[in-house]
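coords.tsv (TSV, C-alpha atoms)
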```
chain	number	residue	atom	x	y	z
U	1117	MET	CA	29.23	-39.51	-9.60
U	1118	ALA	CA	29.80	-40.69	-13.17
U	1119	PRO	CA	28.46	-44.14	-14.07
U	1120	PHE	CA	31.10	-46.84	-13.50
U	1121	TRP	CA	30.92	-47.97	-17.13
U	1122	ARG	CA	31.86	-44.57	-18.58
U	1123	GLY	CA	34.16	-45.18	-21.51
U	1124	CYS	CA	32.75	-48.69	-21.90
U	1125	PRO	CA	31.16	-49.15	-25.34
U	1126	THR	CA	27.41	-49.62	-25.21
U	1127	VAL	CA	26.30	-51.12	-28.48
U	1128	GLY	CA	22.67	-50.79	-29.50
U	1129	CYS	CA	21.75	-52.96	-32.45
U	1130	VAL	CA	18.19	-51.69	-32.45
U	1131	GLU	CA	16.98	-48.15	-31.83
U	1132	SER	CA	14.52	-48.59	-28.99
U	1133	HIS	CA	12.43	-46.37	-26.76
U	1134	SER	CA	10.66	-49.10	-24.86
U	1135	PRO	CA	9.82	-49.45	-21.16
U	1136	GLY	CA	13.12	-51.29	-20.44
U	1137	ASP	CA	15.52	-48.66	-21.80
U	1138	GLY	CA	18.45	-48.24	-19.41
U	1139	ILE	CA	17.35	-51.05	-17.07
U	1140	VAL	CA	20.37	-53.27	-17.73
U	1141	GLU	CA	22.77	-50.38	-17.19
U	1142	ARG	CA	20.96	-49.44	-13.96
U	1143	TYR	CA	21.12	-53.08	-12.81
U	1144	LEU	CA	24.91	-53.09	-13.38
U	1145	GLU	CA	25.37	-49.75	-11.63
U	1146	CYS	CA	23.39	-50.91	-8.59
U	1147	LEU	CA	25.11	-54.31	-8.52
U	1148	ALA	CA	28.55	-52.67	-8.55
U	1149	ALA	CA	27.53	-50.32	-5.73
U	1150	HIS	CA	25.84	-53.13	-3.73
U	1151	ASP	CA	22.70	-50.98	-3.82
U	1152	TRP	CA	20.16	-53.74	-3.16
U	1153	ASP	CA	17.11	-51.45	-3.08
U	1154	GLY	CA	18.09	-49.88	-6.40
U	1155	LEU	CA	18.79	-53.30	-7.88
U	1156	ALA	CA	15.33	-54.47	-6.83
U	1157	THR	CA	13.73	-51.76	-9.00
U	1158	THR	CA	15.28	-53.32	-12.13
U	1159	ILE	CA	13.96	-56.85	-11.55
U	1160	ALA	CA	10.50	-58.21	-12.34
U	1161	ASP	CA	8.36	-58.91	-9.28
U	1162	GLU	CA	7.10	-62.18	-10.78
U	1163	GLY	CA	8.81	-64.83	-12.88
U	1164	LEU	CA	12.49	-64.00	-12.34
U	1165	THR	CA	14.89	-66.86	-13.14
U	1166	ARG	CA	18.66	-66.72	-12.72
U	1167	GLU	CA	20.61	-69.54	-14.34
U	1168	GLY	CA	24.16	-69.76	-13.04
U	1169	PRO	CA	27.36	-70.94	-14.68
U	1170	PHE	CA	27.05	-74.35	-13.00
U	1171	CYS	CA	23.44	-74.85	-14.20
U	1172	ASP	CA	22.20	-73.73	-10.78
U	1173	LEU	CA	18.80	-72.06	-10.75
U	1174	ILE	CA	17.47	-69.32	-8.52
U	1175	GLU	CA	13.81	-68.50	-8.97
U	1176	GLY	CA	12.00	-65.47	-7.63
U	1177	LYS	CA	13.02	-61.89	-7.08
U	1178	GLN	CA	13.47	-62.09	-3.31
U	1179	HIS	CA	15.56	-65.29	-3.49
U	1180	TYR	CA	17.77	-63.73	-6.18
U	1181	LEU	CA	18.31	-60.51	-4.24
U	1182	ALA	CA	19.10	-62.47	-1.06
U	1183	TYR	CA	21.58	-64.61	-3.00
U	1184	LEU	CA	23.38	-61.58	-4.48
U	1185	ARG	CA	23.48	-59.77	-1.14
U	1186	LYS	CA	24.96	-62.79	0.63
U	1187	VAL	CA	27.53	-63.72	-2.02
U	1188	LEU	CA	28.72	-60.26	-3.01
U	1189	THR	CA	28.97	-58.76	0.47
U	1190	GLU	CA	31.10	-61.73	1.56
U	1191	LEU	CA	33.60	-61.20	-1.30
U	1192	LYS	CA	36.40	-58.97	-0.09
U	1193	GLY	CA	37.25	-56.19	-2.53
U	1194	HIS	CA	34.44	-57.03	-4.96
U	1195	ARG	CA	34.58	-54.96	-8.14
U	1196	LEU	CA	32.67	-55.07	-11.40
U	1197	ASP	CA	34.41	-53.93	-14.60
U	1198	VAL	CA	31.99	-53.73	-17.51
U	1199	LYS	CA	33.61	-54.10	-20.92
U	1200	ARG	CA	30.60	-53.94	-23.23
U	1201	VAL	CA	26.80	-53.84	-23.17
U	1202	LEU	CA	25.02	-55.14	-26.27
U	1203	HIS	CA	21.28	-54.60	-26.71
U	1204	VAL	CA	20.08	-57.11	-29.29
U	1205	ASP	CA	16.51	-55.80	-29.21
U	1206	SER	CA	14.06	-54.33	-26.71
U	1207	ARG	CA	14.06	-57.56	-24.66
U	1208	VAL	CA	17.52	-59.17	-24.93
U	1209	SER	CA	20.91	-57.81	-23.85
U	1210	TYR	CA	24.37	-59.23	-23.33
U	1211	VAL	CA	27.04	-57.81	-21.04
U	1212	GLU	CA	30.75	-58.63	-21.07
U	1213	LEU	CA	32.37	-57.91	-17.72
U	1214	THR	CA	34.99	-59.00	-15.26
U	1215	GLU	CA	34.33	-59.50	-11.57
U	1216	ALA	CA	37.33	-59.07	-9.29
U	1217	PHE	CA	37.72	-59.93	-5.61
U	1218	GLU	CA	40.17	-61.43	-3.13
U	1219	ILE	CA	40.43	-65.13	-2.32
U	1220	GLY	CA	42.90	-66.07	0.42
U	1221	GLY	CA	44.59	-62.70	0.15
U	1222	GLN	CA	45.12	-63.05	-3.62
U	1223	ARG	CA	43.36	-60.96	-6.26
U	1224	ALA	CA	41.13	-63.10	-8.51
U	1225	THR	CA	39.30	-62.10	-11.69
U	1226	TRP	CA	36.43	-63.82	-13.45
U	1227	PRO	CA	35.63	-62.80	-17.04
U	1228	GLU	CA	31.91	-63.28	-17.64
U	1229	CYS	CA	29.11	-62.81	-20.10
U	1230	LEU	CA	25.61	-62.15	-18.78
U	1231	LEU	CA	22.45	-62.66	-20.81
U	1232	PHE	CA	19.46	-60.54	-19.75
U	1233	GLU	CA	15.86	-60.86	-20.88
U	1234	ARG	CA	13.24	-58.25	-20.02
U	1235	ASN	CA	9.49	-58.70	-19.65
U	1236	ASP	CA	6.68	-56.58	-21.16
U	1237	ASP	CA	7.23	-53.94	-18.46
U	1238	GLY	CA	10.91	-53.70	-19.40
U	1239	LEU	CA	12.10	-55.26	-16.13
U	1240	ILE	CA	14.67	-58.05	-15.96
U	1241	SER	CA	12.96	-61.45	-15.87
U	1242	TYR	CA	15.86	-63.74	-16.79
U	1243	VAL	CA	19.61	-63.68	-16.10
U	1244	SER	CA	22.04	-66.30	-17.36
U	1245	VAL	CA	25.70	-66.23	-16.27
U	1246	PHE	CA	28.57	-67.60	-18.37
U	1247	PHE	CA	32.21	-67.74	-17.15
U	1248	LYS	CA	35.34	-67.84	-19.27
U	1249	GLN	CA	37.85	-70.34	-17.92
U	1250	ARG	CA	41.60	-70.09	-18.24
U	1251	GLY	CA	43.63	-73.16	-19.23
U	1252	GLY	CA	45.30	-75.05	-16.38
U	1253	ASP	CA	48.77	-74.69	-17.84
U	1254	ALA	CA	50.61	-73.40	-20.89
U	1255	ASP	CA	50.35	-76.74	-22.74
U	1256	ALA	CA	46.58	-76.92	-22.25
U	1257	THR	CA	46.14	-73.34	-23.41
U	1258	ARG	CA	48.35	-73.90	-26.44
U	1259	SER	CA	46.46	-77.10	-27.43
U	1260	HIS	CA	43.16	-75.19	-27.52
U	1261	ALA	CA	44.66	-72.45	-29.67
U	1262	ASP	CA	45.88	-74.87	-32.36
```

Let me see the file written as structure tokens.
Amino acid sequence: MAPFWRGCPTVGCVESHSPGDGIVERYLECLAAHDWDGLATTIADEGLTREGPFCDLIEGKQHYLAYLRKVLTELKGHRLDVKRVLHVDSRVSYVELTEAFEIGGQRATWPECLLFERNDDGLISYVSVFFKQRGGDADATRSHAD
């Protein structure tokens, strides 16, 4: 099966052949497939911190994996659409994506940006999640564009 991000631009600002090469892409592939064992292989055993969009913190690999498993398996029709992966250097990467799922029978989408940091072994040790928010109405959206 072809990777789900095929056709998605992967931008590498720095040519790198370090221990973490491909880890972020593997993380995204496993997350999209709800492959929790595969996902675990991309995350540092010690020192993992996930900072959420509401300044919520999850610390530790096992807590993070349990959180993802609970939240994502409860979301009906969960889908991950990766738009772009940007590797700043051998430790820092950004990912633009949209998560889609159903809420009350209606399709919902959440545009996001994820910041990843990798440790000396190349495994993910920090994840920070940022959401884009749509304006509440046309007037609010227009006022921010002016």

Taking all atoms listed in the file into account, name the residue in U:Gly1138, U:Gly1168, U:Gly1220, U:Gly1238 that is nearest to U:Leu1184.
U:Gly1168

Grab the atom CA of U:Glu1162 to atom CA of U:Ile1174 distance for me, in Å with one decimal place.
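About the pair atom CA of U:Glu1162 and atom CA of U:Ile1174: they are 12.8 Å apart.
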
Nearest to U:Thr1158, chosen from U:Arg1223, U:Lys1248, U:Arg1234, U:Lys1186, with all atoms listed in the file counted in the distances
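The closest residue to U:Thr1158 is U:Arg1234.
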
Radius query 10 Å about (28.3, -55.3, 1.4), atoms used: all atoms listed in the file, as a compact mmCIF listing (two decimals) with C-alpha atoms, keeping the file's coordinate frame:
```txt
# COMPACT_ATOMS: atom_id res chain seq x y z
CA ALA U 1149 27.53 -50.32 -5.73
CA HIS U 1150 25.84 -53.13 -3.73
CA ASP U 1151 22.70 -50.98 -3.82
CA TRP U 1152 20.16 -53.74 -3.16
CA LEU U 1184 23.38 -61.58 -4.48
CA ARG U 1185 23.48 -59.77 -1.14
CA LYS U 1186 24.96 -62.79 0.63
CA VAL U 1187 27.53 -63.72 -2.02
CA LEU U 1188 28.72 -60.26 -3.01
CA THR U 1189 28.97 -58.76 0.47
CA GLU U 1190 31.10 -61.73 1.56
CA LEU U 1191 33.60 -61.20 -1.30
CA LYS U 1192 36.40 -58.97 -0.09
CA GLY U 1193 37.25 -56.19 -2.53
CA HIS U 1194 34.44 -57.03 -4.96
```

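The coordinates place atom CA of U:Gly1221 at 28.8 Å from atom CA of U:Ser1244.
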
Option closest in space to U:Gly1163, from U:Gln1178, U:Ser1206, U:Ser1241, U:Gln1222 [counting only C-alpha atoms]:
U:Ser1241

Export stretch 1129-1175 of chain U, N, CA and C atoms, as a compact mmCIF listing (two decimals), in the first residue's frame; it's the structure right above.
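Output contents, as saved in result25.txt:
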```
# COMPACT_ATOMS: atom_id res chain seq x y z
N CYS U 1129 14.61 21.19 4.46
CA CYS U 1129 15.46 22.37 4.41
C CYS U 1129 16.93 22.01 4.57
N VAL U 1130 17.18 20.87 5.19
CA VAL U 1130 18.55 20.46 5.47
C VAL U 1130 18.70 19.02 5.00
N GLU U 1131 19.76 18.76 4.25
CA GLU U 1131 20.05 17.37 3.85
C GLU U 1131 20.53 16.65 5.10
N SER U 1132 19.87 15.58 5.46
CA SER U 1132 20.18 14.90 6.71
C SER U 1132 20.14 13.40 6.52
N HIS U 1133 21.09 12.73 7.13
CA HIS U 1133 21.09 11.27 7.19
C HIS U 1133 21.35 10.87 8.63
N SER U 1134 20.48 11.36 9.50
CA SER U 1134 20.64 11.14 10.93
C SER U 1134 19.72 10.02 11.40
N PRO U 1135 19.85 9.62 12.67
CA PRO U 1135 19.05 8.51 13.18
C PRO U 1135 17.54 8.70 13.05
N GLY U 1136 17.04 9.95 13.01
CA GLY U 1136 15.61 10.19 12.97
C GLY U 1136 15.00 10.31 11.59
N ASP U 1137 15.77 10.07 10.53
CA ASP U 1137 15.23 10.20 9.18
C ASP U 1137 14.01 9.32 8.99
N GLY U 1138 12.92 9.90 8.53
CA GLY U 1138 11.70 9.16 8.23
C GLY U 1138 10.81 8.89 9.43
N ILE U 1139 11.23 9.27 10.63
CA ILE U 1139 10.45 8.98 11.84
C ILE U 1139 9.13 9.74 11.84
N VAL U 1140 9.15 11.01 11.47
CA VAL U 1140 7.92 11.80 11.49
C VAL U 1140 6.92 11.24 10.48
N GLU U 1141 7.40 10.89 9.30
CA GLU U 1141 6.52 10.30 8.29
C GLU U 1141 5.94 8.97 8.76
N ARG U 1142 6.77 8.17 9.42
CA ARG U 1142 6.29 6.88 9.96
C ARG U 1142 5.25 7.12 11.05
N TYR U 1143 5.50 8.09 11.92
CA TYR U 1143 4.54 8.46 12.96
C TYR U 1143 3.19 8.78 12.33
N LEU U 1144 3.19 9.62 11.29
CA LEU U 1144 1.94 10.03 10.63
C LEU U 1144 1.25 8.85 9.97
N GLU U 1145 2.02 7.99 9.34
CA GLU U 1145 1.46 6.80 8.69
C GLU U 1145 0.79 5.90 9.73
N CYS U 1146 1.46 5.66 10.83
CA CYS U 1146 0.91 4.80 11.88
C CYS U 1146 -0.28 5.44 12.57
N LEU U 1147 -0.22 6.76 12.79
CA LEU U 1147 -1.34 7.46 13.40
C LEU U 1147 -2.59 7.35 12.52
N ALA U 1148 -2.42 7.56 11.23
CA ALA U 1148 -3.55 7.49 10.30
C ALA U 1148 -4.16 6.09 10.26
N ALA U 1149 -3.32 5.08 10.40
CA ALA U 1149 -3.78 3.69 10.34
C ALA U 1149 -4.22 3.16 11.71
N HIS U 1150 -4.09 3.99 12.75
CA HIS U 1150 -4.37 3.56 14.13
C HIS U 1150 -3.54 2.32 14.48
N ASP U 1151 -2.30 2.34 14.02
CA ASP U 1151 -1.33 1.27 14.29
C ASP U 1151 -0.54 1.68 15.53
N TRP U 1152 -1.05 1.32 16.70
CA TRP U 1152 -0.48 1.80 17.96
C TRP U 1152 0.89 1.19 18.24
N ASP U 1153 1.11 -0.06 17.85
CA ASP U 1153 2.43 -0.67 18.05
C ASP U 1153 3.46 0.00 17.15
N GLY U 1154 3.10 0.26 15.91
CA GLY U 1154 4.01 0.96 15.00
C GLY U 1154 4.30 2.37 15.48
N LEU U 1155 3.26 3.05 15.94
CA LEU U 1155 3.43 4.41 16.46
C LEU U 1155 4.40 4.43 17.63
N ALA U 1156 4.31 3.43 18.49
CA ALA U 1156 5.18 3.35 19.66
C ALA U 1156 6.66 3.31 19.28
N THR U 1157 6.98 2.75 18.12
CA THR U 1157 8.38 2.65 17.70
C THR U 1157 8.97 3.99 17.27
N THR U 1158 8.12 5.01 17.10
CA THR U 1158 8.59 6.32 16.67
C THR U 1158 8.78 7.29 17.83
N ILE U 1159 8.38 6.89 19.02
CA ILE U 1159 8.34 7.78 20.19
C ILE U 1159 9.40 7.36 21.21
N ALA U 1160 10.08 8.38 21.76
CA ALA U 1160 11.11 8.14 22.77
C ALA U 1160 10.52 7.45 24.00
N ASP U 1161 11.25 6.49 24.53
CA ASP U 1161 10.81 5.77 25.73
C ASP U 1161 10.78 6.68 26.95
N GLU U 1162 11.68 7.63 27.02
CA GLU U 1162 11.79 8.54 28.16
C GLU U 1162 11.67 9.98 27.69
N GLY U 1163 10.99 10.80 28.48
CA GLY U 1163 10.99 12.24 28.25
C GLY U 1163 9.99 12.78 27.25
N LEU U 1164 9.04 11.97 26.79
CA LEU U 1164 8.06 12.46 25.83
C LEU U 1164 7.12 13.47 26.49
N THR U 1165 6.91 14.61 25.82
CA THR U 1165 5.92 15.60 26.22
C THR U 1165 5.07 15.95 25.02
N ARG U 1166 3.75 15.93 25.22
CA ARG U 1166 2.80 16.38 24.20
C ARG U 1166 2.07 17.57 24.77
N GLU U 1167 2.18 18.71 24.09
CA GLU U 1167 1.49 19.92 24.49
C GLU U 1167 0.34 20.14 23.52
N GLY U 1168 -0.87 20.15 24.04
CA GLY U 1168 -2.06 20.24 23.20
C GLY U 1168 -2.46 21.67 22.90
N PRO U 1169 -3.46 21.82 22.04
CA PRO U 1169 -3.89 23.14 21.60
C PRO U 1169 -4.56 23.97 22.70
N PHE U 1170 -4.89 23.35 23.81
CA PHE U 1170 -5.52 24.06 24.92
C PHE U 1170 -4.55 24.15 26.10
N CYS U 1171 -3.25 24.07 25.80
CA CYS U 1171 -2.17 24.10 26.79
C CYS U 1171 -2.24 22.92 27.75
N ASP U 1172 -2.85 21.83 27.30
CA ASP U 1172 -2.90 20.60 28.09
C ASP U 1172 -1.62 19.81 27.84
N LEU U 1173 -1.10 19.22 28.88
CA LEU U 1173 0.15 18.45 28.79
C LEU U 1173 -0.10 16.97 29.04
N ILE U 1174 0.55 16.16 28.23
CA ILE U 1174 0.60 14.72 28.48
C ILE U 1174 2.07 14.38 28.52
N GLU U 1175 2.50 13.74 29.59
CA GLU U 1175 3.90 13.39 29.74
C GLU U 1175 4.05 11.88 29.83
```
